Amino acid sequence: MTRVVVITSGKGGVGKTTTSAAFASGLALRGFKTCVIDFDVGLRNLDLIMGCERRVVYDFVNVINGEAKLTQALIKDKHCENLFVLPASQTRDKDALTEEGVEAVIKELEHMGFDYVVCDSPAGIERGAVLALTFADEAIVTTNPEVSSVRDSDRILGILQSKSRRAAEGREPVKEHLLVTRYSPKRVDDGEMLSYKDVQELLRVPLIGVIPESESVLHASNQGTPAIHLKGADVADAYTDVVARFLGEERPLRYVNYEKPGLIKRLFGGK
Amino acid sequence: MSLLSLLFGEKKKTAAIAKERLQLIIAREHSSTYRGADFLPDLQRELIAVISKYVAVNPDDIKVQLEQQDNYEVLEVNIVLPEQNAATLRERTAAHLSRQP
Ligand SMILES: Nc1ncnc2c1ncn2[C@@H]1O[C@H](COP(=O)(O)OP(=O)(O)OP(=O)(O)O)[C@@H](O)[C@H]1O
Ligand SMILES: [Mg+2]
């Protein structure tokens with residue numbers, strides 16, 4: 001059975017694409033045949049983050065319109081054997097995605113034996129974002145510890161509970177996970193930033209992980225390497241833990257507590 | 001601000017304010033008073049149409065409001081009947097919806 005997982009948030013720029021790339025790669029590293037789909041029609045970016053932008057020939061909309069076969073549009077990832085990327089199109093026609101079209105593509109991926117389909121949602125609560133979550137079995141609600149992001153996550157949770165197929169057909173609801181990203185333990189410690197516990201208490205969704213604010217994310221996107229592959233980086237560890245928890249394993253949270261720098265570090269600086 | 005905090009530049013702890021504001025706004029946006037409010041304009045329009053069949057009322061004199069009172073939501077409909085219909089009558093109908101907030 002294929003599981004469809006949407007990475008969603010409502011608010012823009014919170015780390016959905018970064019998370020989609022890392023999470024899909026993590027599932028593939030664990031041996032699952034995975035496809036990650038960019039739903040951000042008109043603003044394709046997942047290809048850059050996955051480092052496959054120069055290999056895009058056909059896209060999601062071409063497949064839906066019957067201009068290309070799904071197998072022609074899927075791009076095999078350069079890091080993982082069993083990971084494929086389905087890029088968004090750069091068309092400016094927002095209605096290019098249709099519910100029937102998306103459903104047909106997901107059905108075909110199911111026939112092809114994919115274990116997971118990860119949907120990278122665009123920001124907002126419009127058509128693209130709704131279509132990205134329509135067929136979801138699980139949702140990773142990506143939230144920054146900041147007022148507008150938390151409120152928008154709450155909105156998108158409401159939409160998941162009303163507009164997903166599971167909701168419409170009265171089946172078991174979409175399984176929701178909260179992922180707090182761009183977390184800065186120091187600022188939380190200083191009382192300047194909502195803690196992950198605060199965010200969880202506000203949204204009342206089980207926490208699947210906390211991703212620290214990290215300079216490595218920029219290095220990763222510069223190179224077109226999903227952040228989970230950066231050896232020794234805190235974000236890579238944090239995303240690896242997220243994947244493990246998603247697969248049902250218990251992992252304690254890392255990188256959530258601030259440790260005051262020692263005297264030497266304070267005197268001599270360094271990062 | 002104490003002298004110490006002036007000297008050491010103590011930072012404002014604003015996260016607690018953020019949390020409190022979010023608690024309030026999320027609770028409000030979850031209540032059906034807020035979400036259900038979008039049917040009020042239609043309700044008002046239809047009420048005006050029905051009542052106008054029987055009494056000549058001024059559309060501005062029909063007010064529909066949804067309010068939260070403890071554990072109840074109160075749908076309040078205020079209709080001011082025109083002067084010529086006897087004394088100024090003020091009919092008030094309150095429907096108690098036993099929905100929990
Ligand atoms: N953990 C992190 N630490 C530091 N920077 C991050 C982190 N996660 C994401 N970013 C940065 O935040 C920006 C937005 O990230 P990303 O594109 O993943 O967000 P998005 O939610 O997909 O945005 P959009 O809504 O536009 O699709 C990028 O510049 C990315 O490098
Ligand atoms: Mg994105």
# chains A, B, ... in the order shown; residues from 1 in each chain; ligands from 1
call {"tool": "residues_near_ligand", "arguments": {"ligand": "ligand 2", "cutoff": "10 Å", "atoms": "only C-alpha atoms and all ligand atoms", "output": "list in words"}}
result
Ile7, Thr8, Ser9, Gly12, Gly13, Val14, Gly15, Lys16, Thr17, Thr18, Thr19, Ser20, Ala21, Asp38, Phe39, Asp40, Leu43, Arg44, Asn45, Leu46, Ile49, Asp120, Ser121, Pro122 and Ala123 of chain A
call {"tool": "write_last_selection", "arguments": {"atoms": "C-alpha atoms", "output": "mmCIF file, in the first residue's frame"}}
result
data_model
loop_
_atom_site.group_PDB
_atom_site.id
_atom_site.type_symbol
_atom_site.label_atom_id
_atom_site.label_comp_id
_atom_site.auth_asym_id
_atom_site.auth_seq_id
_atom_site.Cartn_x
_atom_site.Cartn_y
_atom_site.Cartn_z
ATOM 1 C CA ILE A 7 4.274 18.575 3.815
ATOM 2 C CA THR A 8 2.124 21.616 4.483
ATOM 3 C CA SER A 9 2.057 24.853 6.493
ATOM 4 C CA GLY A 12 5.177 30.564 3.107
ATOM 5 C CA GLY A 13 8.889 30.175 3.599
ATOM 6 C CA VAL A 14 8.760 28.071 6.752
ATOM 7 C CA GLY A 15 10.781 25.159 5.347
ATOM 8 C CA LYS A 16 8.314 22.888 3.506
ATOM 9 C CA THR A 17 10.522 22.312 0.486
ATOM 10 C CA THR A 18 13.626 21.849 2.638
ATOM 11 C CA THR A 19 11.658 19.323 4.689
ATOM 12 C CA SER A 20 10.123 17.554 1.670
ATOM 13 C CA ALA A 21 13.571 17.011 0.162
ATOM 14 C CA ASP A 38 6.382 19.486 -6.261
ATOM 15 C CA PHE A 39 2.876 20.969 -6.099
ATOM 16 C CA ASP A 40 4.103 24.548 -6.333
ATOM 17 C CA LEU A 43 7.194 28.463 -8.628
ATOM 18 C CA ARG A 44 9.083 25.213 -9.058
ATOM 19 C CA ASN A 45 11.907 24.939 -6.523
ATOM 20 C CA LEU A 46 12.095 21.370 -5.330
ATOM 21 C CA ILE A 49 16.841 21.733 -3.652
ATOM 22 C CA ASP A 120 5.545 19.377 -1.233
ATOM 23 C CA SER A 121 2.677 21.849 -0.809
ATOM 24 C CA PRO A 122 2.770 25.448 -1.958
ATOM 25 C CA ALA A 123 2.060 28.149 0.634
#
call {"tool": "residues_around", "arguments": {"residues": "Leu230 of chain A", "least_positions_apart": "6", "cutoff": "10 Å", "atoms": "only C-alpha atoms", "output": "JSON, numbers by chain"}}
result
{"A": [216, 217, 219, 220, 236, 237]}
call {"tool": "interface_residues", "arguments": {"of": "chain B", "to": "chain A", "cutoff": "9 Å", "atoms": "only C-alpha atoms", "output": "count of residues only"}}
result
15
call {"tool": "closest_residue", "arguments": {"among": "A:Ala244, A:Ile75, A:Leu83, A:Val210", "to": "ligand 1", "atoms": "only C-alpha atoms and all ligand atoms"}}
result
A:Val210
call {"tool": "residues_around", "arguments": {"residues": "Glu250 of chain A", "least_positions_apart": "4", "cutoff": "12 Å", "atoms": "only C-alpha atoms", "output": "PyMOL selection string"}}
result
chain A and resi 208-209+241-246
call {"tool": "write_last_selection", "arguments": {"atoms": "N, CA and C atoms", "output": "CSV table (one decimal), in the first residue's frame"}}
result
chain,number,residue,atom,x,y,z
A,208,ILE,N,6.5,15.5,15.8
A,208,ILE,CA,7.4,14.5,15.2
A,208,ILE,C,8.9,14.9,15.2
A,209,GLY,N,9.1,16.2,15.5
A,209,GLY,CA,10.5,16.6,15.6
A,209,GLY,C,10.7,18.1,15.6
A,241,ASP,N,16.2,11.8,12.6
A,241,ASP,CA,15.3,11.4,13.7
A,241,ASP,C,13.8,11.5,13.3
A,242,VAL,N,13.5,12.5,12.5
A,242,VAL,CA,12.1,12.7,12.1
A,242,VAL,C,11.6,11.5,11.3
A,243,VAL,N,12.5,11.0,10.4
A,243,VAL,CA,12.2,9.9,9.6
A,243,VAL,C,12.0,8.6,10.5
A,244,ALA,N,12.9,8.5,11.4
A,244,ALA,CA,12.8,7.3,12.3
A,244,ALA,C,11.5,7.3,13.1
A,245,ARG,N,11.2,8.5,13.6
A,245,ARG,CA,9.9,8.6,14.4
A,245,ARG,C,8.7,8.3,13.5
A,246,PHE,N,8.8,8.8,12.3
A,246,PHE,CA,7.7,8.6,11.4
A,246,PHE,C,7.5,7.1,11.1
call {"tool": "atom_distance", "arguments": {"atom1": "atom CA of Ile156 of chain A", "atom2": "atom CA of Thr142 of chain A"}}
result
10.3 Å
